[in-house]
Every structure is written in structure tokens, then in C-alpha cells.
Amino acid sequence: MSLSDVYRDRHTTPGWVYIQGSASERLLKFGVTINLRQRTGSNRTRKYGGIGDWRLLYRVWVEESGRVESDALKLLRRHAVRRSYLKDGRPQRTREMVDCAFSDALAALEQRLTESERASGWRSGDAVFYEFGTVSEDEDLVCRKDPRAPVGLPEGYIYFLPTAELELSVRSENCLANEGIVHLGSLVTRSEAELLRVPNFGRKPLNEIKAALAQLGLRLGTGIPDWPPPDLAELSERIGPLLKRVDELSLSIRTANCLEKEDLFYIGELVCYSACNIGSNAILVQPWIM
């Protein structure tokens, strides 16, 4: 079975999606499993991420467990935590941990659930004690991480990046999703006035979006000839894999660190390398043929 088959099967397999919390480290963890009791218990006993006090806070059975978990984590990417730890004597790197309030994590997850799935979810009464990193509504919005456009790809590709790449708050992401704005190209062609007319949209989400776009060298009110293209769905499907981040791959810690040192953040940038030395490791990659 190929890696693409494994990836697809994991995304489309029914199962439990859960959220655990660590009081000692003030962190949350997402996960998917068929055997909920065994998995959540083993996370404690085997100390996932080097942490031994994981507690189950929420669980829900869904039809596409991997997709739901992945989509929720993308919404919370600005809160992502990467940790190195040993598993069975081998170095591992966490990919499902976030540093945010439980309510924010739950809101991101529920956004990807159907109405019936949300109704069937279970929430622990102890979840109220895991409101870590809560941001007051009066505080200025700050983008914690500097998103960067894929510099190794054609300039126009940036418009096909999903709006999730901006790492916006759940409120802003919901407003855009409700308007059917899922690509940066569809966002930057909107004016400030158009966005302010969106229900539940206000000045704070507007400023957040403008700041995030500015970090990518983009701005609202940009004219893009022939946008959206008639074959937007097909182009997005073809270009989409190139715009995924390298850190979404199951790489070893050593390889991930080498790529980061070379400022290789997107798969499209990586596959453009025909043969190159990355740090002290020689990595051969088939060149991308357009």
C-alpha cells in the first residue's frame, strides 16, 4: 500500500476524534482512534510528547476521522506545539498538540462536524479547567507565527493557498467559510466594505485579516484578472498538494530540522529540488515537472 493510500484511508475511516488536556504542561492534544479507551490510556502511560497526565476532555464519533482532525488542526495552526520525545527508544516529534483554550480547540473541531455529530459529542465536566491561553476580547490580535508564501513556486500560486494558511481566529475563519471564501484569491479581491457587510464580521476580524495578508505581501481590494478561473476546483486539486507545508509530512526530527534550516516550508518548494545538500544530509527529490 502506498503512502497516498494510507493517507487517504486514514482520512476517510470512521472513528473517534478526541481532545485530551495536560494540566501540568497547559497543553491540549487532538487524536483519532478506533479504540478510545486504549488509545487515551496509552497516551498517559507511554507519555505522549513526554507528558504523563493527559486527561480525556472531549470525544465524538465521525465518519471521516482523519479529515476532521486534520481540518481542526489547520484552523489552530497558530497554536501548534512541536515537541521531541522518545517512543520505544526512538525519537519522535509531536504533531497534534496545541497551546490554546479548550473552548477554542472545541470550536475549531465543531466547525468541521455535521449537526448530528456535534449533537453526539461528549464533553468532560473538567474541561472548564483547561481554558489555557484565553485571549481577552479587548486585547489586540497578534499573529504569533509569520506565514510565508511559497517563494519557490510561480507567483500566482499564492492565490490558491487556502485561507487557513493565514492562521486566523476561529471567528474570522467562520465568517469567511460562511461566505464561501476558501482561497486567498477569493479573499484579496474583496474590499474592506464588502467584508464588513458579512454577518458577525467586525473591525477586529478585518484588522486581523489585513495584518495576516500583509505578512504575505497581499492586501484587500486587489484586482486579479479572470479570477476565479472557471476550473478553480480542478486547479486547486492539482496545485493544493504543492501548497501543503512540509511539517505536515511524517518526517524524522533530523530531516525536519534540516529542511527548516534551508527555509523549505512547502512541498512545492521541496519537490523543485532535483539534487541538493540540505544541512549535512544529501537528499534526492524528483524535480516537479509542470
# chains A, B, ... in the order shown; residues from 1 in each chain; ligands from 1
>>> residues_around(residues="Ala80 in chain A", least_positions_apart="5", cutoff="8 Å", atoms="only C-alpha atoms", output="PyMOL selection string")
chain A and resi 73+95-99
>>> residues_around(residues="Phe132 in chain A", least_positions_apart="5", cutoff="9 Å", atoms="only C-alpha atoms", output="ChimeraX atom specification")
/A:26-28,99-102
>>> write_last_selection(atoms="N, CA and C atoms", output="PDB file, in the first residue's frame")
ATOM      1  N   ARG A  26      -0.129  22.578  30.498  1.00  0.00           N
ATOM      2  CA  ARG A  26      -1.100  23.538  29.953  1.00  0.00           C
ATOM      3  C   ARG A  26      -1.169  23.430  28.430  1.00  0.00           C
ATOM      4  N   LEU A  27      -1.348  22.183  27.956  1.00  0.00           N
ATOM      5  CA  LEU A  27      -1.427  21.914  26.531  1.00  0.00           C
ATOM      6  C   LEU A  27      -2.614  21.002  26.248  1.00  0.00           C
ATOM      7  N   LEU A  28      -3.063  21.021  24.983  1.00  0.00           N
ATOM      8  CA  LEU A  28      -4.125  20.141  24.529  1.00  0.00           C
ATOM      9  C   LEU A  28      -3.587  19.261  23.409  1.00  0.00           C
ATOM     10  N   ASP A  99      -1.423  24.874  21.954  1.00  0.00           N
ATOM     11  CA  ASP A  99      -1.378  25.713  23.148  1.00  0.00           C
ATOM     12  C   ASP A  99      -2.484  26.749  23.032  1.00  0.00           C
ATOM     13  N   CYS A 100      -3.673  26.380  23.485  1.00  0.00           N
ATOM     14  CA  CYS A 100      -4.815  27.297  23.414  1.00  0.00           C
ATOM     15  C   CYS A 100      -5.873  26.849  24.407  1.00  0.00           C
ATOM     16  N   ALA A 101      -6.906  27.653  24.548  1.00  0.00           N
ATOM     17  CA  ALA A 101      -8.004  27.322  25.443  1.00  0.00           C
ATOM     18  C   ALA A 101      -8.806  26.154  24.881  1.00  0.00           C
ATOM     19  N   PHE A 102      -9.349  25.318  25.773  1.00  0.00           N
ATOM     20  CA  PHE A 102     -10.161  24.191  25.331  1.00  0.00           C
ATOM     21  C   PHE A 102     -11.335  24.662  24.488  1.00  0.00           C
TER      22      PHE A 102
END
>>> select_by_dssp(residues="range 194-247 of chain A", states="helix (DSSP H, G or I)", output="PyMOL selection string")
chain A and resi 194-196+203-215+232-243+246-247
>>> atom_distance(atom1="CA of Ala177 in chain A", atom2="CA of Glu110 in chain A")
13.5 Å
>>> atom_distance(atom1="CA of Ser236 in chain A", atom2="CA of Val188 in chain A")
16.6 Å
>>> closest_residue(among="A:Arg171, A:Arg59, A:Arg67, A:His79", to="Ser124 in chain A", atoms="only C-alpha atoms")
A:Arg59
>>> residues_around(residues="Arg197 in chain A", least_positions_apart="4", cutoff="12 Å", atoms="only C-alpha atoms", output="mmCIF file with C-alpha atoms, in the first residue's frame")
data_model
loop_
_atom_site.group_PDB
_atom_site.id
_atom_site.type_symbol
_atom_site.label_atom_id
_atom_site.label_comp_id
_atom_site.auth_asym_id
_atom_site.auth_seq_id
_atom_site.Cartn_x
_atom_site.Cartn_y
_atom_site.Cartn_z
ATOM 1 C CA CYS A 175 -17.075 34.307 8.730
ATOM 2 C CA LEU A 176 -15.006 33.584 5.638
ATOM 3 C CA GLU A 179 -19.206 33.458 2.653
ATOM 4 C CA ARG A 190 -12.898 41.582 -1.695
ATOM 5 C CA SER A 191 -12.849 45.157 -0.403
ATOM 6 C CA GLU A 192 -12.952 46.189 3.247
ATOM 7 C CA ALA A 193 -16.508 47.430 2.802
ATOM 8 C CA PHE A 201 -17.879 40.371 10.875
ATOM 9 C CA GLY A 202 -16.414 43.471 12.519
ATOM 10 C CA ARG A 203 -13.431 45.773 12.630
ATOM 11 C CA LEU A 206 -10.907 42.879 9.458
#
>>> closest_residue(among="A:Asp53, A:Glu115, A:Glu63, A:Glu69", to="Tyr18 in chain A", atoms="only C-alpha atoms")
A:Glu69
>>> residues_around(residues="Phe30 in chain A", least_positions_apart="2", cutoff="12 Å", atoms="only C-alpha atoms", output="compact mmCIF listing (two decimals) with all heavy atoms, in the first residue's frame")
# COMPACT_ATOMS: atom_id res chain seq x y z
N TRP A 16 -13.16 7.61 16.35
CA TRP A 16 -13.27 8.64 17.37
C TRP A 16 -12.26 9.76 17.10
O TRP A 16 -11.11 9.49 16.80
CB TRP A 16 -12.98 8.08 18.76
CG TRP A 16 -13.97 7.07 19.25
CD1 TRP A 16 -13.81 5.71 19.32
CD2 TRP A 16 -15.27 7.34 19.78
NE1 TRP A 16 -14.92 5.12 19.84
CE2 TRP A 16 -15.84 6.10 20.14
CE3 TRP A 16 -16.01 8.50 20.00
CZ2 TRP A 16 -17.11 5.99 20.69
CZ3 TRP A 16 -17.27 8.40 20.54
CH2 TRP A 16 -17.82 7.16 20.89
N VAL A 17 -12.72 10.99 17.21
CA VAL A 17 -11.82 12.13 17.27
C VAL A 17 -11.91 12.66 18.70
O VAL A 17 -13.03 12.84 19.22
CB VAL A 17 -12.22 13.25 16.29
CG1 VAL A 17 -11.29 14.46 16.43
CG2 VAL A 17 -12.17 12.73 14.86
N TYR A 18 -10.77 12.88 19.35
CA TYR A 18 -10.81 13.26 20.75
C TYR A 18 -9.86 14.42 21.03
O TYR A 18 -8.95 14.72 20.25
CB TYR A 18 -10.45 12.07 21.64
CG TYR A 18 -9.05 11.54 21.45
CD1 TYR A 18 -7.96 12.08 22.14
CD2 TYR A 18 -8.80 10.48 20.56
CE1 TYR A 18 -6.68 11.60 21.97
CE2 TYR A 18 -7.52 9.99 20.38
CZ TYR A 18 -6.46 10.56 21.08
OH TYR A 18 -5.18 10.09 20.90
N ILE A 19 -10.10 15.07 22.16
CA ILE A 19 -9.22 16.12 22.67
C ILE A 19 -8.84 15.73 24.08
O ILE A 19 -9.70 15.43 24.91
CB ILE A 19 -9.90 17.50 22.69
CG1 ILE A 19 -10.37 17.89 21.29
CG2 ILE A 19 -8.94 18.56 23.24
CD1 ILE A 19 -11.16 19.20 21.27
N GLN A 20 -7.53 15.72 24.37
CA GLN A 20 -7.04 15.49 25.72
C GLN A 20 -6.33 16.75 26.20
O GLN A 20 -5.88 17.58 25.39
CB GLN A 20 -6.06 14.32 25.74
CG GLN A 20 -6.72 12.96 25.61
CD GLN A 20 -5.72 11.82 25.76
OE1 GLN A 20 -4.80 11.70 24.98
NE2 GLN A 20 -5.91 10.99 26.79
N GLY A 21 -6.22 16.88 27.50
CA GLY A 21 -5.55 18.04 28.08
C GLY A 21 -4.52 17.64 29.11
O GLY A 21 -4.68 16.62 29.80
N SER A 22 -3.47 18.43 29.22
CA SER A 22 -2.44 18.23 30.24
C SER A 22 -2.44 19.45 31.16
O SER A 22 -2.13 20.56 30.71
CB SER A 22 -1.07 18.06 29.60
OG SER A 22 -0.04 18.19 30.57
N LEU A 27 -1.35 22.18 27.96
CA LEU A 27 -1.43 21.91 26.53
C LEU A 27 -2.61 21.00 26.25
O LEU A 27 -3.10 20.30 27.14
CB LEU A 27 -0.15 21.24 26.03
CG LEU A 27 1.14 22.07 26.07
CD1 LEU A 27 2.33 21.19 25.73
CD2 LEU A 27 1.05 23.25 25.12
N LEU A 28 -3.06 21.02 24.98
CA LEU A 28 -4.13 20.14 24.53
C LEU A 28 -3.59 19.26 23.41
O LEU A 28 -2.64 19.63 22.72
CB LEU A 28 -5.33 20.95 24.02
CG LEU A 28 -5.95 21.93 25.00
CD1 LEU A 28 -7.07 22.71 24.30
CD2 LEU A 28 -6.51 21.21 26.22
N VAL A 32 -7.07 10.62 16.83
CA VAL A 32 -8.10 9.78 16.23
C VAL A 32 -7.80 8.33 16.59
O VAL A 32 -6.64 7.93 16.71
CB VAL A 32 -8.17 9.94 14.70
CG1 VAL A 32 -8.54 11.36 14.32
CG2 VAL A 32 -6.85 9.56 14.05
N THR A 33 -8.84 7.54 16.76
CA THR A 33 -8.65 6.14 17.14
C THR A 33 -9.95 5.37 16.96
O THR A 33 -11.03 5.96 16.87
CB THR A 33 -8.20 6.03 18.62
OG1 THR A 33 -7.91 4.66 18.92
CG2 THR A 33 -9.28 6.53 19.57
N ARG A 39 -6.42 3.94 23.49
CA ARG A 39 -5.55 4.99 22.98
C ARG A 39 -5.34 6.11 23.99
O ARG A 39 -4.21 6.54 24.22
CB ARG A 39 -6.14 5.57 21.69
CG ARG A 39 -5.36 6.78 21.14
CD ARG A 39 -3.94 6.42 20.76
NE ARG A 39 -3.91 5.41 19.74
CZ ARG A 39 -4.04 5.67 18.43
NH1 ARG A 39 -4.22 6.92 18.02
NH2 ARG A 39 -3.99 4.70 17.55
N THR A 40 -6.42 6.60 24.59
CA THR A 40 -6.26 7.70 25.53
C THR A 40 -5.49 7.27 26.77
O THR A 40 -4.76 8.05 27.36
CB THR A 40 -7.63 8.27 25.92
OG1 THR A 40 -8.48 7.23 26.43
CG2 THR A 40 -8.32 8.92 24.73
N ASN A 43 -1.72 7.06 25.87
CA ASN A 43 -1.07 8.38 25.78
C ASN A 43 -0.51 8.80 27.13
O ASN A 43 0.52 9.48 27.21
CB ASN A 43 -2.06 9.43 25.29
CG ASN A 43 -2.36 9.31 23.81
OD1 ASN A 43 -1.56 8.76 23.05
ND2 ASN A 43 -3.51 9.80 23.39
N TYR A 48 2.93 10.43 25.82
CA TYR A 48 2.99 11.09 24.52
C TYR A 48 3.50 12.52 24.68
O TYR A 48 3.01 13.27 25.51
CB TYR A 48 1.61 11.11 23.86
CG TYR A 48 1.60 11.83 22.53
CD1 TYR A 48 1.91 11.15 21.36
CD2 TYR A 48 1.31 13.19 22.46
CE1 TYR A 48 1.91 11.80 20.15
CE2 TYR A 48 1.32 13.85 21.24
CZ TYR A 48 1.62 13.15 20.08
OH TYR A 48 1.63 13.81 18.87
N TRP A 54 -2.21 13.23 30.64
CA TRP A 54 -3.27 13.50 29.67
C TRP A 54 -4.62 13.06 30.21
O TRP A 54 -4.74 11.97 30.77
CB TRP A 54 -2.99 12.77 28.35
CG TRP A 54 -1.81 13.28 27.59
CD1 TRP A 54 -0.64 12.62 27.36
CD2 TRP A 54 -1.69 14.55 26.97
NE1 TRP A 54 0.21 13.40 26.63
CE2 TRP A 54 -0.41 14.60 26.36
CE3 TRP A 54 -2.52 15.66 26.85
CZ2 TRP A 54 0.05 15.71 25.66
CZ3 TRP A 54 -2.06 16.77 26.15
CH2 TRP A 54 -0.80 16.79 25.55
N ARG A 55 -5.62 13.89 30.02
CA ARG A 55 -6.98 13.60 30.50
C ARG A 55 -7.97 13.83 29.36
O ARG A 55 -7.92 14.85 28.68
CB ARG A 55 -7.33 14.48 31.70
CG ARG A 55 -8.66 14.14 32.37
CD ARG A 55 -8.91 15.05 33.55
NE ARG A 55 -10.11 14.68 34.27
CZ ARG A 55 -10.16 13.78 35.23
NH1 ARG A 55 -9.04 13.17 35.60
NH2 ARG A 55 -11.28 13.50 35.84
N LEU A 56 -8.87 12.88 29.15
CA LEU A 56 -9.85 13.00 28.08
C LEU A 56 -10.86 14.10 28.39
O LEU A 56 -11.51 14.09 29.43
CB LEU A 56 -10.59 11.67 27.88
CG LEU A 56 -11.61 11.64 26.74
CD1 LEU A 56 -10.91 11.84 25.40
CD2 LEU A 56 -12.38 10.31 26.75
N LEU A 57 -10.98 15.06 27.47
CA LEU A 57 -11.88 16.19 27.66
C LEU A 57 -13.07 16.16 26.70
O LEU A 57 -14.14 16.68 27.02
CB LEU A 57 -11.12 17.51 27.46
CG LEU A 57 -9.89 17.72 28.34
CD1 LEU A 57 -9.23 19.05 28.00
CD2 LEU A 57 -10.25 17.66 29.81
N TYR A 58 -12.88 15.56 25.54
CA TYR A 58 -13.97 15.55 24.55
C TYR A 58 -13.75 14.38 23.60
O TYR A 58 -12.62 14.03 23.28
CB TYR A 58 -13.97 16.85 23.75
CG TYR A 58 -15.08 16.94 22.72
CD1 TYR A 58 -16.36 17.34 23.09
CD2 TYR A 58 -14.84 16.62 21.39
CE1 TYR A 58 -17.38 17.40 22.15
CE2 TYR A 58 -15.86 16.69 20.45
CZ TYR A 58 -17.12 17.08 20.84
OH TYR A 58 -18.13 17.15 19.91
N ARG A 59 -14.86 13.79 23.16
CA ARG A 59 -14.77 12.75 22.14
C ARG A 59 -16.05 12.75 21.31
O ARG A 59 -17.14 13.08 21.78
CB ARG A 59 -14.53 11.39 22.76
CG ARG A 59 -15.59 10.97 23.77
CD ARG A 59 -16.53 9.96 23.15
NE ARG A 59 -17.52 9.48 24.12
CZ ARG A 59 -18.77 9.90 24.18
NH1 ARG A 59 -19.18 10.87 23.37
NH2 ARG A 59 -19.61 9.38 25.04
N VAL A 60 -15.90 12.40 20.02
CA VAL A 60 -17.05 12.33 19.12
C VAL A 60 -16.74 11.31 18.03
O VAL A 60 -15.61 11.22 17.54
CB VAL A 60 -17.36 13.71 18.50
CG1 VAL A 60 -16.18 14.23 17.69
CG2 VAL A 60 -18.62 13.66 17.65
N SER A 65 -12.65 10.43 10.27
CA SER A 65 -11.94 10.86 11.47
C SER A 65 -10.66 11.64 11.14
O SER A 65 -10.41 12.70 11.72
CB SER A 65 -11.60 9.65 12.35
OG SER A 65 -10.84 8.69 11.62
N GLY A 66 -9.85 11.13 10.24
CA GLY A 66 -8.60 11.80 9.92
C GLY A 66 -8.80 13.17 9.30
O GLY A 66 -8.07 14.12 9.60
N VAL A 68 -11.42 15.21 9.72
CA VAL A 68 -11.92 16.13 10.73
C VAL A 68 -10.79 16.62 11.63
O VAL A 68 -10.66 17.81 11.91
CB VAL A 68 -13.03 15.46 11.57
CG1 VAL A 68 -13.40 16.32 12.78
CG2 VAL A 68 -14.27 15.22 10.71
N GLU A 69 -9.94 15.68 12.09
CA GLU A 69 -8.82 16.07 12.95
C GLU A 69 -7.88 17.00 12.21
O GLU A 69 -7.45 18.04 12.75
CB GLU A 69 -8.06 14.83 13.40
CG GLU A 69 -6.86 15.15 14.29
CD GLU A 69 -5.80 14.07 14.27
OE1 GLU A 69 -5.60 13.44 13.22
OE2 GLU A 69 -5.15 13.87 15.31
N SER A 70 -7.53 16.66 10.98
CA SER A 70 -6.59 17.47 10.19
C SER A 70 -7.13 18.87 9.96
O SER A 70 -6.41 19.87 10.10
CB SER A 70 -6.30 16.79 8.86
OG SER A 70 -5.46 17.58 8.06
N ASP A 71 -8.41 18.98 9.61
CA ASP A 71 -9.01 20.29 9.34
C ASP A 71 -9.04 21.15 10.60
O ASP A 71 -8.80 22.36 10.55
CB ASP A 71 -10.44 20.12 8.80
CG ASP A 71 -10.46 19.61 7.37
OD1 ASP A 71 -9.38 19.56 6.76
OD2 ASP A 71 -11.54 19.24 6.89
N ALA A 72 -9.35 20.54 11.75
CA ALA A 72 -9.38 21.29 13.00
C ALA A 72 -7.98 21.80 13.36
O ALA A 72 -7.82 22.95 13.79
CB ALA A 72 -9.93 20.42 14.13
N LEU A 73 -6.98 20.96 13.18
CA LEU A 73 -5.61 21.36 13.49
C LEU A 73 -5.13 22.48 12.57
O LEU A 73 -4.35 23.34 12.99
CB LEU A 73 -4.67 20.16 13.40
CG LEU A 73 -4.75 19.16 14.56
CD1 LEU A 73 -3.96 17.90 14.24
CD2 LEU A 73 -4.25 19.79 15.85
N LYS A 74 -5.60 22.49 11.33
CA LYS A 74 -5.22 23.57 10.42
C LYS A 74 -5.77 24.90 10.92
O LYS A 74 -5.10 25.94 10.81
CB LYS A 74 -5.73 23.28 9.01
CG LYS A 74 -4.96 22.18 8.30
CD LYS A 74 -5.54 21.89 6.94
CE LYS A 74 -4.79 20.77 6.24
NZ LYS A 74 -5.38 20.43 4.92
N LEU A 76 -6.14 25.69 13.91
CA LEU A 76 -5.41 26.03 15.13
C LEU A 76 -3.90 26.06 14.91
O LEU A 76 -3.14 26.01 15.86
CB LEU A 76 -5.75 25.01 16.23
CG LEU A 76 -7.20 24.99 16.69
CD1 LEU A 76 -7.47 23.74 17.53
CD2 LEU A 76 -7.54 26.24 17.48
N ALA A 80 0.01 25.67 17.25
CA ALA A 80 0.67 24.36 17.20
C ALA A 80 1.92 24.33 18.05
O ALA A 80 2.67 25.30 18.13
CB ALA A 80 1.00 24.00 15.76
N VAL A 81 2.13 23.18 18.70
CA VAL A 81 3.32 22.96 19.54
C VAL A 81 4.06 21.74 19.01
O VAL A 81 3.47 20.67 18.84
CB VAL A 81 2.92 22.73 21.01
CG1 VAL A 81 4.14 22.36 21.85
CG2 VAL A 81 2.25 23.96 21.58
N THR A 94 6.03 15.53 18.03
CA THR A 94 4.58 15.68 18.15
C THR A 94 4.04 16.54 17.00
O THR A 94 4.70 17.45 16.52
CB THR A 94 4.19 16.36 19.48
OG1 THR A 94 4.75 17.68 19.51
CG2 THR A 94 4.71 15.57 20.66
N ARG A 95 2.80 16.23 16.60
CA ARG A 95 2.17 16.97 15.52
C ARG A 95 0.71 17.31 15.81
O ARG A 95 0.04 17.92 14.98
CB ARG A 95 2.24 16.16 14.21
CG ARG A 95 3.66 15.87 13.77
CD ARG A 95 3.72 15.16 12.43
NE ARG A 95 5.09 14.86 12.07
CZ ARG A 95 5.94 15.72 11.52
NH1 ARG A 95 5.52 16.95 11.27
NH2 ARG A 95 7.17 15.37 11.24
N GLU A 96 0.21 16.89 16.97
CA GLU A 96 -1.21 17.09 17.26
C GLU A 96 -1.46 17.89 18.53
O GLU A 96 -2.56 17.87 19.08
CB GLU A 96 -1.92 15.73 17.39
CG GLU A 96 -1.78 14.82 16.19
CD GLU A 96 -0.56 13.92 16.28
OE1 GLU A 96 0.03 13.83 17.37
OE2 GLU A 96 -0.20 13.34 15.25
N MET A 97 -0.43 18.60 19.03
CA MET A 97 -0.56 19.35 20.27
C MET A 97 -0.74 20.84 19.99
O MET A 97 -0.13 21.38 19.06
CB MET A 97 0.65 19.11 21.17
CG MET A 97 0.66 17.72 21.79
SD MET A 97 2.27 17.25 22.50
CE MET A 97 2.67 18.68 23.49
N VAL A 98 -1.57 21.49 20.80
CA VAL A 98 -1.82 22.91 20.63
C VAL A 98 -1.78 23.62 21.98
O VAL A 98 -2.09 23.02 23.02
CB VAL A 98 -3.18 23.18 19.95
CG1 VAL A 98 -3.17 22.74 18.50
CG2 VAL A 98 -4.32 22.50 20.70
N ASP A 99 -1.42 24.87 21.95
CA ASP A 99 -1.38 25.71 23.15
C ASP A 99 -2.48 26.75 23.03
O ASP A 99 -2.28 27.83 22.50
CB ASP A 99 -0.01 26.39 23.25
CG ASP A 99 0.11 27.34 24.44
OD1 ASP A 99 -0.79 27.30 25.31
OD2 ASP A 99 1.06 28.13 24.48
N PHE A 102 -9.35 25.32 25.77
CA PHE A 102 -10.16 24.19 25.33
C PHE A 102 -11.34 24.66 24.49
O PHE A 102 -11.68 24.04 23.48
CB PHE A 102 -10.67 23.39 26.53
CG PHE A 102 -11.72 22.38 26.16
CD1 PHE A 102 -11.36 21.18 25.56
CD2 PHE A 102 -13.06 22.64 26.38
CE1 PHE A 102 -12.33 20.26 25.19
CE2 PHE A 102 -14.03 21.72 26.02
CZ PHE A 102 -13.67 20.53 25.42
N ALA A 105 -10.23 25.18 20.99
CA ALA A 105 -9.98 23.90 20.32
C ALA A 105 -11.28 23.22 19.95
O ALA A 105 -11.44 22.69 18.84
CB ALA A 105 -9.15 22.99 21.23
N LEU A 106 -12.26 23.25 20.86
CA LEU A 106 -13.55 22.64 20.59
C LEU A 106 -14.28 23.36 19.47
O LEU A 106 -14.91 22.74 18.61
CB LEU A 106 -14.40 22.63 21.86
CG LEU A 106 -15.78 21.99 21.74
CD1 LEU A 106 -15.67 20.54 21.30
CD2 LEU A 106 -16.54 22.09 23.06
N ALA A 108 -12.98 24.96 16.95
CA ALA A 108 -12.34 24.59 15.68
C ALA A 108 -12.79 23.20 15.25
O ALA A 108 -13.07 22.97 14.06
CB ALA A 108 -10.82 24.64 15.83
N LEU A 109 -12.87 22.28 16.19
CA LEU A 109 -13.29 20.92 15.87
C LEU A 109 -14.76 20.88 15.44
O LEU A 109 -15.11 20.27 14.42
CB LEU A 109 -13.07 20.00 17.07
CG LEU A 109 -13.52 18.55 16.93
CD1 LEU A 109 -12.84 17.89 15.74
CD2 LEU A 109 -13.24 17.77 18.20
>>> select_by_dssp(residues="range 63-248 of chain A", states="strand (DSSP E or B)", output="list in words")
Ala80, Val81, Ser84, Tyr85, Leu86, Lys87, Arg90, Pro91, Gln92, Arg93, Met97, Val98, Ala101, Trp122, Arg123, Glu131, Pro162, His183 and Arg245 of chain A
>>> atom_distance(atom1="CA of Ile181 in chain A", atom2="CA of Leu270 in chain A")
27.7 Å
>>> residues_around(residues="range 218-233 of chain A", least_positions_apart="3", cutoff="12 Å", atoms="only C-alpha atoms", output="PyMOL selection string")
chain A and resi 147-149+155-161+166+181-195+206-215+236-240
